[in-house]
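Here is data_27.cif, consisting of mmCIF, N, CA and C atoms:
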data_start
#
loop_
_atom_site.label_atom_id
_atom_site.label_comp_id
_atom_site.auth_asym_id
_atom_site.auth_seq_id
_atom_site.Cartn_x
_atom_site.Cartn_y
_atom_site.Cartn_z
N MET A 1 -54.88 34.87 40.07
CA MET A 1 -54.73 33.48 40.35
C MET A 1 -56.11 32.85 40.28
N PRO A 2 -56.50 32.30 39.14
CA PRO A 2 -57.83 31.72 39.00
C PRO A 2 -57.95 30.41 39.76
N ARG A 3 -59.15 30.15 40.21
CA ARG A 3 -59.42 28.85 40.82
C ARG A 3 -60.76 28.37 40.31
N PRO A 4 -61.00 27.07 40.29
CA PRO A 4 -62.23 26.54 39.73
C PRO A 4 -63.46 27.06 40.47
N ALA A 5 -64.42 27.56 39.74
CA ALA A 5 -65.66 28.06 40.35
C ALA A 5 -66.49 26.89 40.83
N GLY A 6 -66.90 26.96 42.09
CA GLY A 6 -67.78 25.95 42.65
C GLY A 6 -67.16 24.58 42.79
N ALA A 7 -65.88 24.46 42.72
CA ALA A 7 -65.23 23.15 42.83
C ALA A 7 -65.30 22.64 44.26
N ALA A 8 -65.81 21.43 44.42
CA ALA A 8 -65.91 20.83 45.75
C ALA A 8 -64.52 20.57 46.30
N GLY A 9 -64.34 20.85 47.56
CA GLY A 9 -63.08 20.57 48.22
C GLY A 9 -61.99 21.59 47.98
N VAL A 10 -62.30 22.68 47.28
CA VAL A 10 -61.29 23.71 47.05
C VAL A 10 -61.22 24.61 48.29
N ALA A 11 -60.07 24.67 48.92
CA ALA A 11 -59.91 25.46 50.14
C ALA A 11 -59.85 26.94 49.81
N ASP A 12 -60.22 27.76 50.78
CA ASP A 12 -60.05 29.19 50.61
C ASP A 12 -58.57 29.49 50.45
N VAL A 13 -58.29 30.49 49.68
CA VAL A 13 -56.91 30.90 49.42
C VAL A 13 -56.64 32.17 50.22
N THR A 14 -55.47 32.27 50.83
CA THR A 14 -55.05 33.49 51.51
C THR A 14 -53.82 34.02 50.81
N VAL A 15 -53.89 35.28 50.37
CA VAL A 15 -52.75 35.95 49.76
C VAL A 15 -52.02 36.66 50.89
N THR A 16 -50.76 36.34 51.10
CA THR A 16 -49.98 36.92 52.20
C THR A 16 -48.96 37.91 51.66
N VAL A 17 -48.90 39.07 52.31
CA VAL A 17 -47.89 40.08 51.99
C VAL A 17 -46.81 39.95 53.07
N PRO A 18 -45.69 39.25 52.75
CA PRO A 18 -44.72 38.89 53.78
C PRO A 18 -43.68 39.95 54.10
N SER A 19 -43.52 40.94 53.23
CA SER A 19 -42.42 41.88 53.45
C SER A 19 -42.88 43.32 53.30
N SER A 20 -42.03 44.23 53.71
CA SER A 20 -42.39 45.64 53.67
C SER A 20 -42.14 46.23 52.29
N GLY A 21 -42.73 47.41 52.07
CA GLY A 21 -42.46 48.16 50.86
C GLY A 21 -43.30 47.79 49.65
N GLN A 22 -44.36 47.01 49.81
CA GLN A 22 -45.20 46.63 48.69
C GLN A 22 -46.17 47.76 48.36
N VAL A 23 -46.30 48.11 47.08
CA VAL A 23 -47.12 49.24 46.66
C VAL A 23 -48.00 48.81 45.49
N ALA A 24 -49.26 49.23 45.52
CA ALA A 24 -50.18 48.97 44.41
C ALA A 24 -51.13 50.14 44.28
N ARG A 25 -51.56 50.43 43.06
CA ARG A 25 -52.53 51.51 42.86
C ARG A 25 -53.85 51.15 43.52
N SER A 26 -54.26 49.89 43.36
CA SER A 26 -55.49 49.39 43.97
C SER A 26 -55.39 47.88 44.05
N LEU A 27 -56.34 47.28 44.75
CA LEU A 27 -56.35 45.83 44.93
C LEU A 27 -57.78 45.35 44.86
N VAL A 28 -58.03 44.38 43.99
CA VAL A 28 -59.35 43.75 43.91
C VAL A 28 -59.12 42.26 44.08
N SER A 29 -59.71 41.68 45.12
CA SER A 29 -59.47 40.28 45.42
C SER A 29 -60.72 39.65 46.02
N ALA A 30 -61.03 38.45 45.57
CA ALA A 30 -62.10 37.67 46.18
C ALA A 30 -61.54 36.78 47.29
N GLU A 31 -60.23 36.79 47.46
CA GLU A 31 -59.56 35.95 48.44
C GLU A 31 -59.23 36.72 49.71
N ASN A 32 -58.86 35.99 50.75
CA ASN A 32 -58.38 36.61 51.99
C ASN A 32 -57.02 37.25 51.72
N VAL A 33 -56.77 38.38 52.34
CA VAL A 33 -55.48 39.05 52.24
C VAL A 33 -54.95 39.23 53.65
N ALA A 34 -53.71 38.79 53.88
CA ALA A 34 -53.11 38.88 55.21
C ALA A 34 -51.75 39.56 55.12
N LEU A 35 -51.49 40.46 56.06
CA LEU A 35 -50.19 41.10 56.14
C LEU A 35 -49.37 40.39 57.20
N GLY A 36 -48.20 39.90 56.83
CA GLY A 36 -47.33 39.23 57.79
C GLY A 36 -46.83 40.22 58.84
N SER A 37 -46.13 39.72 59.83
CA SER A 37 -45.68 40.58 60.94
C SER A 37 -44.80 41.72 60.48
N SER A 38 -44.07 41.53 59.37
CA SER A 38 -43.26 42.63 58.85
C SER A 38 -43.81 43.12 57.51
N GLY A 39 -45.00 42.65 57.16
CA GLY A 39 -45.59 43.03 55.88
C GLY A 39 -46.18 44.42 55.90
N SER A 40 -45.98 45.14 54.80
CA SER A 40 -46.64 46.44 54.66
C SER A 40 -47.07 46.59 53.22
N LEU A 41 -48.23 47.18 53.05
CA LEU A 41 -48.80 47.37 51.73
C LEU A 41 -49.37 48.77 51.66
N SER A 42 -49.02 49.49 50.62
CA SER A 42 -49.54 50.83 50.41
C SER A 42 -50.40 50.83 49.16
N LEU A 43 -51.67 51.21 49.32
CA LEU A 43 -52.60 51.27 48.19
C LEU A 43 -52.77 52.72 47.77
N GLY A 44 -52.76 52.96 46.46
CA GLY A 44 -52.91 54.30 45.92
C GLY A 44 -54.35 54.79 45.94
N ALA A 45 -54.62 55.77 45.12
CA ALA A 45 -55.91 56.45 45.12
C ALA A 45 -57.03 55.67 44.45
N GLY A 46 -56.75 54.50 43.89
CA GLY A 46 -57.78 53.71 43.24
C GLY A 46 -58.74 53.08 44.25
N SER A 47 -59.82 52.49 43.73
CA SER A 47 -60.79 51.79 44.56
C SER A 47 -60.33 50.36 44.78
N SER A 48 -60.26 49.94 46.03
CA SER A 48 -59.84 48.59 46.38
C SER A 48 -60.99 47.84 47.02
N VAL A 49 -61.17 46.58 46.62
CA VAL A 49 -62.25 45.75 47.14
C VAL A 49 -61.67 44.38 47.49
N ILE A 50 -61.87 43.98 48.74
CA ILE A 50 -61.47 42.65 49.19
C ILE A 50 -62.74 41.94 49.59
N GLY A 51 -63.18 41.02 48.73
CA GLY A 51 -64.46 40.36 48.92
C GLY A 51 -64.48 39.37 50.07
N ALA A 52 -63.33 38.98 50.55
CA ALA A 52 -63.25 38.07 51.68
C ALA A 52 -62.77 38.86 52.89
N GLY A 53 -61.67 38.44 53.51
CA GLY A 53 -61.19 39.11 54.72
C GLY A 53 -59.85 39.77 54.54
N LEU A 54 -59.65 40.85 55.27
CA LEU A 54 -58.35 41.52 55.36
C LEU A 54 -57.86 41.38 56.79
N ASP A 55 -56.70 40.76 56.95
CA ASP A 55 -56.10 40.59 58.27
C ASP A 55 -54.83 41.43 58.32
N VAL A 56 -54.90 42.57 59.01
CA VAL A 56 -53.74 43.45 59.12
C VAL A 56 -52.73 42.85 60.10
N GLY A 57 -53.17 42.04 61.04
CA GLY A 57 -52.26 41.36 61.98
C GLY A 57 -51.33 42.33 62.66
N ALA A 58 -50.03 42.09 62.52
CA ALA A 58 -49.01 42.97 63.11
C ALA A 58 -48.35 43.83 62.04
N GLY A 59 -48.86 43.77 60.81
CA GLY A 59 -48.29 44.54 59.72
C GLY A 59 -48.88 45.94 59.64
N SER A 60 -48.67 46.58 58.50
CA SER A 60 -49.24 47.92 58.30
C SER A 60 -49.75 48.05 56.88
N MET A 61 -50.81 48.81 56.75
CA MET A 61 -51.41 49.04 55.45
C MET A 61 -51.80 50.50 55.34
N ALA A 62 -51.48 51.11 54.21
CA ALA A 62 -51.90 52.47 53.92
C ALA A 62 -52.95 52.40 52.82
N ALA A 63 -54.13 52.96 53.07
CA ALA A 63 -55.20 53.00 52.09
C ALA A 63 -55.43 54.47 51.73
N ASN A 64 -55.03 54.83 50.52
CA ASN A 64 -55.14 56.22 50.10
C ASN A 64 -56.27 56.45 49.10
N GLY A 65 -57.08 55.43 48.89
CA GLY A 65 -58.29 55.51 48.09
C GLY A 65 -59.39 54.84 48.89
N SER A 66 -60.47 54.45 48.23
CA SER A 66 -61.54 53.76 48.96
C SER A 66 -61.18 52.29 49.11
N LEU A 67 -61.47 51.75 50.28
CA LEU A 67 -61.20 50.34 50.59
C LEU A 67 -62.47 49.74 51.15
N ALA A 68 -62.99 48.70 50.49
CA ALA A 68 -64.18 47.98 50.95
C ALA A 68 -63.80 46.54 51.22
N VAL A 69 -64.16 46.04 52.40
CA VAL A 69 -63.85 44.66 52.77
C VAL A 69 -65.08 44.01 53.38
N ASN A 70 -65.14 42.69 53.25
CA ASN A 70 -66.22 41.95 53.88
C ASN A 70 -65.92 41.73 55.36
N ALA A 71 -64.67 41.46 55.68
CA ALA A 71 -64.27 41.23 57.07
C ALA A 71 -62.91 41.89 57.30
N LEU A 72 -62.77 42.55 58.45
CA LEU A 72 -61.51 43.22 58.79
C LEU A 72 -61.07 42.81 60.18
N SER A 73 -59.81 42.41 60.27
CA SER A 73 -59.20 42.12 61.56
C SER A 73 -57.91 42.94 61.67
N VAL A 74 -57.84 43.76 62.71
CA VAL A 74 -56.65 44.57 62.96
C VAL A 74 -56.11 44.12 64.31
N GLY A 75 -55.06 43.31 64.30
CA GLY A 75 -54.48 42.81 65.55
C GLY A 75 -53.70 43.89 66.26
N THR A 76 -52.39 43.88 66.10
CA THR A 76 -51.53 44.91 66.69
C THR A 76 -51.01 45.86 65.61
N GLY A 77 -51.46 45.67 64.38
CA GLY A 77 -50.97 46.46 63.25
C GLY A 77 -51.66 47.80 63.11
N GLN A 78 -51.40 48.43 61.96
CA GLN A 78 -51.93 49.77 61.70
C GLN A 78 -52.54 49.83 60.31
N LEU A 79 -53.70 50.46 60.22
CA LEU A 79 -54.33 50.79 58.95
C LEU A 79 -54.40 52.31 58.90
N THR A 80 -53.67 52.91 57.97
CA THR A 80 -53.57 54.36 57.91
C THR A 80 -53.82 54.82 56.47
N GLY A 81 -53.83 56.13 56.27
CA GLY A 81 -53.92 56.68 54.94
C GLY A 81 -54.91 57.81 54.84
N THR A 82 -55.08 58.30 53.62
CA THR A 82 -55.98 59.42 53.36
C THR A 82 -57.34 58.95 52.87
N GLY A 83 -57.49 57.65 52.65
CA GLY A 83 -58.70 57.10 52.05
C GLY A 83 -59.83 56.81 53.02
N SER A 84 -60.80 56.05 52.50
CA SER A 84 -61.98 55.68 53.28
C SER A 84 -62.03 54.17 53.44
N LEU A 85 -62.87 53.71 54.37
CA LEU A 85 -62.99 52.29 54.67
C LEU A 85 -64.45 51.93 54.88
N THR A 86 -64.88 50.84 54.23
CA THR A 86 -66.21 50.29 54.45
C THR A 86 -66.06 48.82 54.80
N VAL A 87 -66.64 48.40 55.95
CA VAL A 87 -66.64 47.00 56.38
C VAL A 87 -68.09 46.56 56.42
N ASN A 88 -68.41 45.51 55.66
CA ASN A 88 -69.79 45.01 55.60
C ASN A 88 -69.83 43.53 55.94
N GLY A 89 -69.49 43.16 57.13
CA GLY A 89 -69.52 41.75 57.50
C GLY A 89 -69.10 41.56 58.93
N SER A 90 -67.79 41.45 59.15
CA SER A 90 -67.31 41.29 60.52
C SER A 90 -66.11 42.20 60.75
N PHE A 91 -65.99 42.64 62.02
CA PHE A 91 -64.94 43.57 62.40
C PHE A 91 -64.37 43.12 63.73
N LEU A 92 -63.04 43.03 63.79
CA LEU A 92 -62.36 42.66 65.02
C LEU A 92 -61.12 43.54 65.13
N GLN A 93 -60.99 44.23 66.26
CA GLN A 93 -59.84 45.10 66.46
C GLN A 93 -59.20 44.81 67.80
N GLY A 94 -57.90 44.50 67.77
CA GLY A 94 -57.13 44.29 69.00
C GLY A 94 -56.56 45.62 69.46
N THR A 95 -55.27 45.63 69.72
CA THR A 95 -54.62 46.86 70.18
C THR A 95 -54.11 47.72 69.03
N GLY A 96 -54.31 47.26 67.82
CA GLY A 96 -53.88 48.01 66.65
C GLY A 96 -54.73 49.26 66.44
N SER A 97 -54.34 50.07 65.45
CA SER A 97 -55.04 51.33 65.24
C SER A 97 -55.48 51.51 63.80
N ILE A 98 -56.53 52.31 63.64
CA ILE A 98 -57.02 52.73 62.33
C ILE A 98 -57.00 54.25 62.34
N ASN A 99 -56.31 54.82 61.36
CA ASN A 99 -56.19 56.28 61.26
C ASN A 99 -56.33 56.64 59.79
N LEU A 100 -57.56 57.02 59.39
CA LEU A 100 -57.85 57.33 57.99
C LEU A 100 -58.43 58.73 57.87
N GLY A 101 -58.04 59.43 56.81
CA GLY A 101 -58.53 60.78 56.60
C GLY A 101 -59.96 60.85 56.10
N GLY A 102 -60.44 59.77 55.48
CA GLY A 102 -61.79 59.74 54.94
C GLY A 102 -62.78 59.11 55.90
N ALA A 103 -63.94 58.78 55.36
CA ALA A 103 -65.02 58.18 56.15
C ALA A 103 -64.72 56.72 56.46
N VAL A 104 -65.08 56.30 57.66
CA VAL A 104 -65.00 54.90 58.06
C VAL A 104 -66.40 54.45 58.43
N SER A 105 -66.87 53.38 57.77
CA SER A 105 -68.20 52.83 58.01
C SER A 105 -68.06 51.35 58.32
N ILE A 106 -68.54 50.95 59.51
CA ILE A 106 -68.42 49.56 59.95
C ILE A 106 -69.81 49.02 60.25
N MET A 107 -70.18 47.93 59.56
CA MET A 107 -71.45 47.26 59.80
C MET A 107 -71.13 45.83 60.22
N GLN A 108 -71.31 45.54 61.51
CA GLN A 108 -71.07 44.20 62.06
C GLN A 108 -72.30 43.37 61.78
N ALA A 109 -72.18 42.36 60.93
CA ALA A 109 -73.33 41.58 60.50
C ALA A 109 -73.92 40.72 61.62
N GLY A 110 -73.09 40.22 62.51
CA GLY A 110 -73.59 39.36 63.57
C GLY A 110 -72.86 39.60 64.87
N GLY A 111 -73.57 39.62 65.97
CA GLY A 111 -72.95 39.79 67.27
C GLY A 111 -72.65 41.24 67.61
N GLY A 112 -71.98 41.41 68.75
CA GLY A 112 -71.66 42.74 69.24
C GLY A 112 -70.48 43.35 68.48
N LEU A 113 -70.29 44.62 68.70
CA LEU A 113 -69.22 45.36 68.02
C LEU A 113 -68.44 46.14 69.06
N THR A 114 -67.13 45.91 69.10
CA THR A 114 -66.24 46.65 69.99
C THR A 114 -65.22 47.39 69.13
N LEU A 115 -65.14 48.69 69.34
CA LEU A 115 -64.22 49.51 68.58
C LEU A 115 -63.00 49.84 69.43
N GLY A 116 -61.84 49.85 68.79
CA GLY A 116 -60.60 50.23 69.44
C GLY A 116 -60.22 51.64 69.04
N ARG A 117 -58.92 51.86 68.86
CA ARG A 117 -58.41 53.19 68.49
C ARG A 117 -58.68 53.45 67.02
N ILE A 118 -59.65 54.34 66.76
CA ILE A 118 -60.01 54.70 65.39
C ILE A 118 -60.07 56.21 65.28
N THR A 119 -59.34 56.76 64.32
CA THR A 119 -59.41 58.17 63.98
C THR A 119 -59.81 58.25 62.52
N ALA A 120 -60.84 59.04 62.21
CA ALA A 120 -61.33 59.12 60.83
C ALA A 120 -61.97 60.47 60.58
N GLY A 121 -62.09 60.81 59.28
CA GLY A 121 -62.81 62.03 58.92
C GLY A 121 -64.23 61.99 59.48
N THR A 122 -64.92 60.88 59.28
CA THR A 122 -66.21 60.60 59.92
C THR A 122 -66.23 59.11 60.24
N LEU A 123 -66.98 58.75 61.26
CA LEU A 123 -67.08 57.37 61.69
C LEU A 123 -68.52 57.00 61.92
N SER A 124 -68.96 55.90 61.28
CA SER A 124 -70.28 55.33 61.56
C SER A 124 -70.08 53.85 61.82
N ALA A 125 -70.72 53.35 62.85
CA ALA A 125 -70.58 51.94 63.23
C ALA A 125 -71.91 51.42 63.73
N ALA A 126 -72.25 50.19 63.35
CA ALA A 126 -73.52 49.62 63.77
C ALA A 126 -73.38 48.10 63.88
N ALA A 127 -74.13 47.54 64.82
CA ALA A 127 -74.22 46.09 65.00
C ALA A 127 -75.70 45.78 65.23
N PRO A 128 -76.49 45.70 64.16
CA PRO A 128 -77.94 45.54 64.29
C PRO A 128 -78.39 44.33 65.10
N THR A 129 -77.59 43.26 65.13
CA THR A 129 -78.01 42.07 65.87
C THR A 129 -77.24 41.89 67.18
N GLY A 130 -76.42 42.88 67.55
CA GLY A 130 -75.56 42.71 68.73
C GLY A 130 -75.94 43.50 69.89
#
Please go through the file and, once you have read it, give me the structure as C-alpha cells.
Amino acid sequence: MPRPAGAAGVADVTVTVPSSGQVARSLVSAENVALGSSGSLSLGAGSSVIGAGLDVGAGSMAANGSLAVNALSVGTGQLTGTGSLTVNGSFLQGTGSINLGGAVSIMQAGGGLTLGRITAGTLSAAAPTG
C-alpha cells in the first residue's frame, strides 16, 4: 500500500489484523501493525521487519523467524514461536507474555524499562537513559 513520500498532512497508517488464522512467510512493513482482540498472525521462518510499531494488544502472534521492530506493545496478548525478537526503540508489556525459542534483545531508547513475563533462548535488555 504505497503512500506519498514526505507528503504533508499524511497520517500514519495502521495495518490491523482483525481475525484469527492469518499466516505469512514474513512481513516487511514501514507502517504500524496491530492485532485486534481476536486477531492472530503466524509468521514463518523468513525475516520480518516492522519499521514502526507492533501492537499485539489482546491478540496473538507467532514469530518463527527473526522479527525486528522499532516499537513493541504487548497488552494482554501473546507473542510466541521458535524465532528471535529485536526491539530498538520502545517496549511496553502489560500482562501479556512473550515466549520465543530464540534470542530476545530489547533496547529501550528513552525512559525506564519494565519487563513482564518473558521466556526466551537468551534475553538481553537495556535502557541506557532510564
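The residue that comes closest to Leu67 of chain A, out of A:Val104, A:Val33, A:Leu123, A:Leu85 and on the basis of all atoms listed in the file, is A:Leu85.
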For the file shown, report as an NGL selection string the outcome of the PyMOL selection byres (((chain A and resi 38-52 and name CA) around 6) and name CA) at residue level. :A and (17-32 or 35-37 or 53 or 59-70)
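Among the candidates A:Val15, A:Ile98, A:Ala120, A:Ala34, the residue lying nearest to Asp55 of chain A is A:Ala34 (atoms considered: only N, CA and C atoms).
Here the question is which of A:Ala58, A:Leu92, A:Ile106, A:Leu100 gets nearest to Ile118 of chain A using only N, CA and C atoms, and that residue is A:Leu100.
Take atom CA of Thr82 of chain A and atom CA of Ser105 of chain A: the distance between them is 14.6 Å.
This file gives the following result for the PyMOL selection byres (((chain A and resi 75 and name CA) around 8) and name CA): A:Asp55, A:Val56, A:Gly57, A:Ala58, A:Ser73, A:Val74, A:Thr76, A:Gly77, A:Leu92, A:Gln93, A:Gly94, A:Thr95, A:Gly96.
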Correct to one decimal, the distance atom CA of Gly112 of chain A-atom C of Gly89 of chain A is 10.7 Å
In Å to one decimal, how far is atom N of Gly111 of chain A from atom N of Ser90 of chain A? 9.1 Å
